[in-house]
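Engineer: What follows is final.txt, compact mmCIF, C-alpha atoms.
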```txt
# COMPACT_ATOMS: atom_id res chain seq x y z
CA MET E 29 -42.59 -36.21 49.12
CA ALA E 30 -39.80 -38.51 50.17
CA ASN E 31 -40.15 -42.18 49.60
CA PRO E 32 -38.45 -44.02 52.46
CA ALA E 33 -39.30 -47.45 51.09
CA SER E 34 -37.31 -47.03 47.92
CA GLN E 35 -34.44 -45.15 49.55
CA ALA E 36 -33.88 -47.55 52.38
CA ASN E 37 -32.18 -50.15 50.24
CA ASP E 38 -30.54 -48.10 47.57
CA GLY E 39 -27.71 -46.10 48.98
CA PRO E 40 -26.11 -44.32 51.88
CA ALA E 41 -27.87 -41.87 54.09
CA GLY E 42 -27.88 -38.26 53.01
CA PRO E 43 -30.12 -36.16 50.86
CA PRO E 44 -33.03 -38.27 49.68
CA PRO E 45 -31.88 -39.31 46.21
CA GLU E 46 -35.15 -40.53 44.81
CA THR E 47 -37.21 -37.68 46.13
CA PRO E 48 -39.16 -36.27 43.25
CA THR E 49 -39.51 -32.54 43.29
CA ALA E 50 -43.05 -32.53 41.99
CA GLY E 51 -44.77 -35.64 43.22
CA VAL E 52 -44.38 -39.36 42.77
CA GLY E 53 -46.69 -39.69 39.80
CA GLU E 54 -44.94 -37.09 37.68
CA VAL E 55 -42.44 -38.21 35.08
CA ARG E 56 -39.28 -36.11 35.42
CA LEU E 57 -36.49 -35.83 32.94
CA ASN E 58 -32.92 -35.87 34.18
CA PRO E 59 -30.68 -35.29 31.14
CA ALA E 60 -27.49 -35.15 33.22
CA ALA E 61 -28.11 -38.63 34.62
CA GLY E 62 -29.03 -39.93 31.17
CA VAL E 63 -25.84 -38.57 29.63
CA ALA E 64 -23.78 -39.89 32.53
CA ALA E 65 -25.33 -43.35 32.10
CA MET E 66 -24.41 -43.22 28.42
CA MET E 67 -20.82 -42.23 29.27
CA LEU E 68 -20.24 -45.06 31.72
CA PRO E 69 -22.66 -47.84 32.68
CA GLY E 70 -24.05 -47.22 36.16
CA LEU E 71 -22.81 -43.63 36.42
CA GLY E 72 -26.30 -42.22 35.81
CA HIS E 73 -27.70 -44.00 38.85
CA ALA E 74 -24.68 -42.96 40.91
CA ILE E 75 -25.42 -39.34 40.00
CA LEU E 76 -29.03 -39.87 41.08
CA GLY E 77 -27.70 -40.81 44.52
CA ARG E 78 -28.01 -44.56 44.06
CA PRO E 79 -24.39 -45.70 43.87
CA LYS E 80 -25.09 -49.28 44.90
CA ARG E 81 -27.65 -49.71 42.15
CA GLY E 82 -25.20 -48.09 39.74
CA ALA E 83 -22.49 -50.51 40.78
CA TYR E 84 -24.76 -53.48 40.16
CA ILE E 85 -25.72 -52.15 36.73
CA ALA E 86 -22.07 -51.49 35.91
CA GLY E 87 -21.17 -55.01 37.04
CA GLY E 88 -23.76 -56.56 34.75
CA VAL E 89 -23.13 -54.40 31.68
CA LEU E 90 -19.35 -54.36 31.93
CA GLY E 91 -19.33 -58.06 32.82
CA LEU E 92 -21.15 -58.83 29.58
CA PHE E 93 -18.86 -56.46 27.69
CA LEU E 94 -15.67 -58.02 29.05
CA MET E 95 -16.98 -61.56 28.59
CA GLY E 96 -17.72 -60.71 24.96
CA LEU E 97 -14.21 -59.37 24.47
CA LEU E 98 -12.72 -62.36 26.25
CA VAL E 99 -14.65 -64.86 24.12
CA GLY E 100 -14.56 -63.10 20.75
CA GLY E 101 -11.37 -61.09 21.09
CA ILE E 102 -11.03 -57.52 19.90
CA ASP E 103 -12.51 -58.61 16.57
CA ALA E 104 -15.93 -58.83 18.29
CA ILE E 105 -16.18 -55.03 17.95
CA ASP E 106 -15.82 -53.93 14.36
CA SER E 107 -17.66 -50.88 13.09
CA ARG E 108 -16.59 -51.59 9.49
CA GLU E 109 -17.37 -55.28 9.09
CA ASP E 110 -20.19 -55.67 11.62
CA ARG E 111 -21.89 -52.31 11.28
CA LEU E 112 -25.39 -53.35 12.42
CA TRP E 113 -24.05 -55.14 15.49
CA PHE E 114 -21.91 -52.12 16.26
CA TYR E 115 -25.01 -49.92 16.54
CA GLY E 116 -26.17 -52.07 19.46
CA GLN E 117 -22.69 -52.32 20.95
CA ALA E 118 -22.32 -48.52 20.82
CA CYS E 119 -25.00 -48.22 23.52
CA VAL E 120 -22.36 -49.30 26.05
CA GLY E 121 -20.84 -45.86 25.50
CA PRO E 122 -17.40 -44.43 24.70
CA LEU E 123 -15.77 -47.66 25.81
CA THR E 124 -17.04 -49.38 22.66
CA PHE E 125 -15.81 -46.55 20.45
CA ALA E 126 -12.41 -46.64 22.14
CA VAL E 127 -12.04 -50.39 21.59
CA ASP E 128 -13.22 -50.06 17.99
CA HIS E 129 -10.78 -47.21 17.36
CA LEU E 130 -7.98 -49.31 18.80
CA HIS E 131 -9.04 -52.24 16.64
CA GLN E 132 -9.19 -50.21 13.44
CA THR E 133 -5.99 -48.22 13.96
CA ARG E 134 -3.66 -50.47 15.96
CA PHE E 135 -4.59 -54.00 14.99
CA LYS E 136 -5.91 -54.02 11.44
CA VAL E 137 -3.54 -53.90 8.48
CA LEU E 138 -4.00 -52.18 5.15
CA ASP E 139 -4.53 -54.66 2.37
CA PRO E 140 -1.78 -54.17 -0.25
CA ALA E 141 -4.19 -54.59 -3.14
CA THR E 142 -7.21 -52.60 -1.99
CA GLN E 143 -5.70 -50.34 0.71
CA GLU E 144 -8.70 -51.28 2.84
CA PRO E 145 -8.16 -52.18 6.51
CA ARG E 146 -8.56 -55.85 7.38
CA THR E 147 -7.43 -58.33 10.01
CA ALA E 148 -3.97 -59.73 9.32
CA VAL E 149 -3.81 -63.40 8.43
CA PRO E 150 -1.29 -65.84 9.94
CA GLY E 151 2.09 -65.18 8.35
CA GLU E 152 1.44 -61.45 8.17
CA THR E 153 2.31 -58.66 10.54
CA ARG E 154 1.69 -54.95 10.72
CA SER E 155 4.35 -52.60 9.42
CA PRO E 156 4.92 -49.26 11.23
CA GLY E 157 2.83 -47.55 8.55
CA GLY E 158 -0.03 -49.98 9.09
CA ALA E 159 0.42 -51.97 5.88
CA ALA E 160 0.37 -55.75 5.83
CA ALA E 161 3.88 -57.19 5.69
CA PRO E 162 5.24 -60.74 5.69
CA ALA E 163 5.97 -61.78 9.25
CA PRO E 164 9.40 -63.04 10.27
CA ASP E 165 9.49 -66.44 11.98
CA GLY E 166 7.86 -66.38 15.39
CA VAL E 167 6.07 -63.09 14.84
CA ARG E 168 2.31 -63.32 15.05
CA PRO E 169 -0.41 -61.14 13.53
CA PRO E 170 -1.54 -58.25 15.76
CA ASN E 171 -4.72 -60.20 16.51
CA LEU E 172 -6.49 -63.33 15.32
CA LYS E 173 -9.77 -63.18 13.42
CA GLY E 174 -12.73 -64.51 15.36
CA LEU E 175 -14.58 -67.24 13.50
CA GLY E 176 -17.64 -69.38 14.07
CA ARG E 177 -19.24 -69.65 17.48
CA VAL E 178 -16.72 -67.55 19.37
CA ASN E 179 -17.20 -64.62 17.04
CA GLU E 180 -20.97 -64.95 17.22
CA LEU E 181 -21.00 -65.21 21.02
CA GLY E 182 -18.52 -62.40 21.55
CA THR E 183 -20.38 -60.04 19.23
CA LEU E 184 -23.74 -61.01 20.74
CA ALA E 185 -22.57 -60.56 24.35
CA ILE E 186 -21.28 -57.03 23.69
CA THR E 187 -24.46 -56.13 21.81
CA LEU E 188 -26.50 -57.43 24.75
CA ALA E 189 -24.37 -55.27 27.04
CA GLY E 190 -25.35 -52.30 24.88
CA PHE E 191 -29.05 -53.12 25.08
CA MET E 192 -28.90 -53.65 28.85
CA ASN E 193 -27.19 -50.28 29.21
CA LEU E 194 -29.89 -48.70 27.07
CA ILE E 195 -32.46 -49.83 29.65
CA ALA E 196 -30.29 -48.30 32.38
CA VAL E 197 -29.94 -45.06 30.40
CA PHE E 198 -33.72 -44.67 30.12
CA ASP E 199 -34.10 -45.52 33.79
CA ALA E 200 -31.61 -42.80 34.72
CA LEU E 201 -33.13 -40.36 32.25
CA LEU E 202 -36.67 -40.79 33.61
CA PRO E 203 -36.24 -41.42 37.33
CA GLY E 204 -39.78 -40.27 38.15
CA ARG E 205 -41.21 -43.01 36.00
CA THR E 206 -39.10 -45.60 37.79
CA LEU E 207 -40.06 -44.25 41.19
CA ARG E 208 -43.74 -44.41 40.30
CA ARG E 209 -43.30 -48.04 39.24
CA ARG E 210 -41.37 -48.97 42.38
CA THR E 211 -43.91 -47.41 44.70
CA GLY E 212 -46.84 -48.86 42.82
CA GLY E 213 -48.12 -45.37 42.19
CA GLY E 214 -49.04 -45.74 38.58
CA ALA E 215 -48.88 -47.75 35.44
CA ALA E 216 -45.89 -49.86 34.39
CA MET D 28 -2.33 -71.54 17.36
CA THR D 29 -3.29 -72.77 20.82
CA GLY D 30 -2.25 -72.37 24.41
CA PHE D 31 0.59 -70.02 25.15
CA GLY D 32 0.03 -67.85 22.09
CA TYR D 33 -3.30 -66.71 23.45
CA ARG D 34 -3.62 -63.00 24.26
CA PRO D 35 -6.73 -62.35 26.41
CA PHE D 36 -9.20 -59.77 25.08
CA ILE D 37 -7.27 -59.58 21.79
CA ASP D 38 -7.48 -63.11 20.40
CA PRO D 39 -10.69 -65.15 20.40
CA ILE D 40 -10.83 -67.69 23.19
CA ASP D 41 -10.70 -70.65 20.82
CA ALA D 42 -6.97 -69.91 20.51
CA LEU D 43 -6.77 -71.15 24.11
CA ILE D 44 -9.69 -73.60 24.22
CA PRO D 45 -10.40 -75.06 20.77
CA ALA D 46 -13.18 -77.24 22.21
CA ILE D 47 -15.23 -74.10 22.90
CA HIS D 48 -16.83 -74.58 19.48
CA GLN D 49 -18.47 -77.78 20.78
CA TRP D 50 -19.12 -76.58 24.32
CA TRP D 51 -20.09 -72.98 23.66
CA PHE D 52 -23.46 -73.39 25.40
CA LEU D 53 -21.65 -73.74 28.75
CA LEU D 54 -21.11 -69.98 28.55
CA LEU D 55 -24.87 -69.41 28.77
CA PRO D 56 -25.06 -69.36 32.61
CA LEU D 57 -22.39 -66.66 32.79
CA PHE D 58 -24.08 -64.52 30.15
CA ALA D 59 -27.45 -65.03 31.86
CA LEU D 60 -25.92 -64.00 35.20
CA PHE D 61 -24.55 -60.72 33.86
CA MET D 62 -27.80 -59.96 32.05
CA ALA D 63 -29.76 -60.63 35.23
CA MET D 64 -27.38 -58.42 37.25
CA ALA D 65 -27.93 -55.48 34.92
CA TYR D 66 -31.67 -56.00 34.58
CA ARG D 67 -32.34 -56.47 38.29
CA GLY D 68 -30.10 -53.48 39.00
CA VAL D 69 -32.58 -51.37 37.08
CA LYS D 70 -35.85 -53.09 37.89
CA ALA D 71 -35.53 -54.40 41.46
CA PRO D 72 -37.84 -52.41 43.81
CA GLY D 73 -35.20 -52.52 46.55
CA LEU D 74 -31.73 -53.95 46.74
CA ARG D 75 -32.19 -55.97 49.92
CA ARG D 76 -33.13 -59.08 47.92
CA TYR D 77 -31.11 -58.17 44.88
CA TRP D 78 -28.99 -61.33 44.67
CA ARG D 79 -31.97 -63.58 45.23
CA GLY D 80 -33.69 -61.83 42.31
CA VAL D 81 -30.56 -62.17 40.19
CA GLY D 82 -30.41 -65.91 40.91
CA LYS D 83 -34.06 -66.35 40.07
CA LEU D 84 -33.82 -64.41 36.81
CA THR D 85 -30.62 -66.24 35.81
CA PHE D 86 -32.42 -69.53 36.33
CA GLN D 87 -35.43 -68.33 34.33
CA ILE D 88 -33.22 -67.24 31.42
CA ILE D 89 -31.40 -70.58 31.34
CA VAL D 90 -34.67 -72.53 31.51
CA GLY D 91 -36.23 -70.32 28.82
CA ILE D 92 -33.32 -70.65 26.42
CA THR D 93 -33.15 -74.41 27.04
CA ALA D 94 -36.88 -74.73 26.37
CA LEU D 95 -36.55 -72.70 23.18
CA SER D 96 -33.69 -74.88 21.97
CA LEU D 97 -35.66 -78.06 22.75
CA ALA D 98 -38.67 -76.65 20.91
CA GLY D 99 -36.48 -75.79 17.94
CA HIS D 100 -34.96 -79.27 18.00
CA LEU D 101 -38.40 -80.89 18.05
CA LEU D 102 -39.61 -78.66 15.24
CA VAL D 103 -36.65 -79.40 12.97
CA GLN D 104 -36.08 -83.05 13.85
CA VAL D 105 -39.64 -84.30 14.41
CA VAL D 106 -42.40 -81.96 13.22
CA VAL D 107 -40.95 -80.89 9.87
CA PRO D 108 -39.94 -84.45 8.83
CA ALA D 109 -43.41 -85.65 9.85
CA LEU D 110 -45.05 -82.94 7.75
CA GLY D 111 -42.76 -83.84 4.87
CA ALA D 112 -43.75 -87.49 5.14
CA MET D 113 -47.45 -86.58 5.08
CA SER D 114 -47.22 -84.59 1.87
```
Output the file's structure as structure tokens, nothing else.

Structural biologist:
Amino acid sequence: MANPASQANDGPAGPPPETPTAGVGEVRLNPAAGVAAMMLPGLGHAILGRPKRGAYIAGGVLGLFLMGLLVGGIDAIDSREDRLWFYGQACVGPLTFAVDHLHQTRFKVLDPATQEPRTAVPGETRSPGGAAAPAPDGVRPPNLKGLGRVNELGTLAITLAGFMNLIAVFDALLPGRTLRRRTGGGAA
Amino acid sequence: MTGFGYRPFIDPIDALIPAIHQWWFLLLPLFALFMAMAYRGVKAPGLRRYWRGVGKLTFQIIVGITALSLAGHLLVQVVVPALGAMS
């Protein structure tokens, strides 16, 4: 049964995107949409035929993500030093893993004493092999370490982006449940 | 390092604006806006009144966080010292 009320505002004309195949009250599982939402914020809803809704979700999640990076710098995503936060941030999808990979492999230096990766301090630079090396005059570290409020806010914003995307992932994964809620046809 | 040495998305923003450590709470409206955008994108019944809903939720988040901070301030600055004085 099509639901004109929920389709009217959600996307272009065409095949009814929110039409459940087995009734409004039934909870359907759409793994493809769930996986797509995990790959890129908003993509799951676009696949469900609701591109406008997907664009709004993407705007919110990626806005938080980019604001976090802008405030905290690339150091706001660090799977080694902020492991627990990273679990939340990872819900944004591959984007988080890409930034973390870049951070670990292109920005961090290997500590000469421990051979562990760490952020270079002022006066250090990154040698071609990745080791910490004294920086010539005027050469800055690959990135600056985020400290205090900016690090907290940057890390928090990206983690919030992950949690918001998690809501969107479940919404894309269980579109029947959402439809039931929107039409007032059941609980929640 | 401040000003021209700042590299967006790589360095923290205090390399450009050192005062952000005192004025960090001014970022709250922007964070609240993006959170509201994502949440209303999922939860709004229809998208016709989407931006109105986003504005309303943004306002509610800001008011809620402000109220929580005021409550925390009162607890730490007034209630706890008063309890300490009583004992």

Engineer: Within 7 Å of chain D, which residues of chain E show up when using all atoms listed in the file, listed as a ChimeraX atom specification?

Structural biologist: /E:34,37-38,81,84-85,88-89,91-92,97-102,171-172,174,177-178,192,196,199,210

Engineer: Counting only C-alpha atoms, which residue out of E:Ala64, E:Ala160, E:Ile105, E:Ile186 sits closest to Leu130 of chain E?

Structural biologist: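 With only C-alpha atoms as the atom set, the closest residue is E:Ile105.
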
Engineer: Is there a way to get, as a PyMOL selection string, all residues within 8 Å of the point (-17.1, -52.8, 25.2) in file coordinates, counting only C-alpha atoms?

Structural biologist: chain E and resi 90+93-94+96-97+105+117+120-121+123-125+127+186+189

Engineer: From the set E:Leu181, E:Cys119, E:Leu202, E:Ala126, which residue has the shortest atom-to-atom contact distance to Leu76 of chain E, counting all atoms listed in the file?

Structural biologist: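 So, comparing all the options, the nearest one is E:Leu202.
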
Engineer: May I ask which of the residues E:Arg56, E:Tyr115, E:Ala148, E:Pro156 is the closest one to Leu201 of chain E, counting all atoms listed in the file?

Structural biologist: E:Arg56

Engineer: In Å, how far is it from atom CA of Leu112 of chain E to atom CA of Gly87 of chain E?

Structural biologist: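 Atom CA of Gly87 of chain E lies 25.0 Å from atom CA of Leu112 of chain E.
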
Engineer: Let me know the centre plus edge lengths, in Å and rounded to one decimal, of a box with edges along x, y and z that contains all listed atoms of segment 192-205 of chain E and is padded by 3 Å on every side, as lines of an AutoDock Vina configuration file.

Structural biologist:
```
center_x = -34.2
center_y = -47.0
center_z = 32.6
size_x = 20.0
size_y = 19.4
size_z = 17.1
```

Engineer: What is the atom CA of Ala185 of chain E-atom CA of Asn58 of chain E distance in Å, reported with one decimal?

Structural biologist: 28.5 Å

Engineer: Given the choices E:Ala159, E:Asp106, E:Pro122, E:Phe114, which gets closest to Ala141 of chain E if the distance is worked out from all atoms listed in the file?

Structural biologist: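 Of E:Ala159, E:Asp106, E:Pro122, E:Phe114, the one nearest Ala141 of chain E, counting all atoms listed in the file, is E:Ala159.
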
Engineer: Using atom CA of Ser96 of chain D and atom CA of Leu53 of chain D as the two end points, give the distance in Å to one decimal.

Structural biologist: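 Computed distance, atom CA of Ser96 of chain D to atom CA of Leu53 of chain D, equals 13.9 Å.
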
Engineer: Give me the residues within 9 Å of Phe86 of chain D as a PyMOL selection string, counting only C-alpha atoms and dropping any in the same chain fewer than 3 places off.

Structural biologist: chain D and resi 56+59-60+81-83+89-91
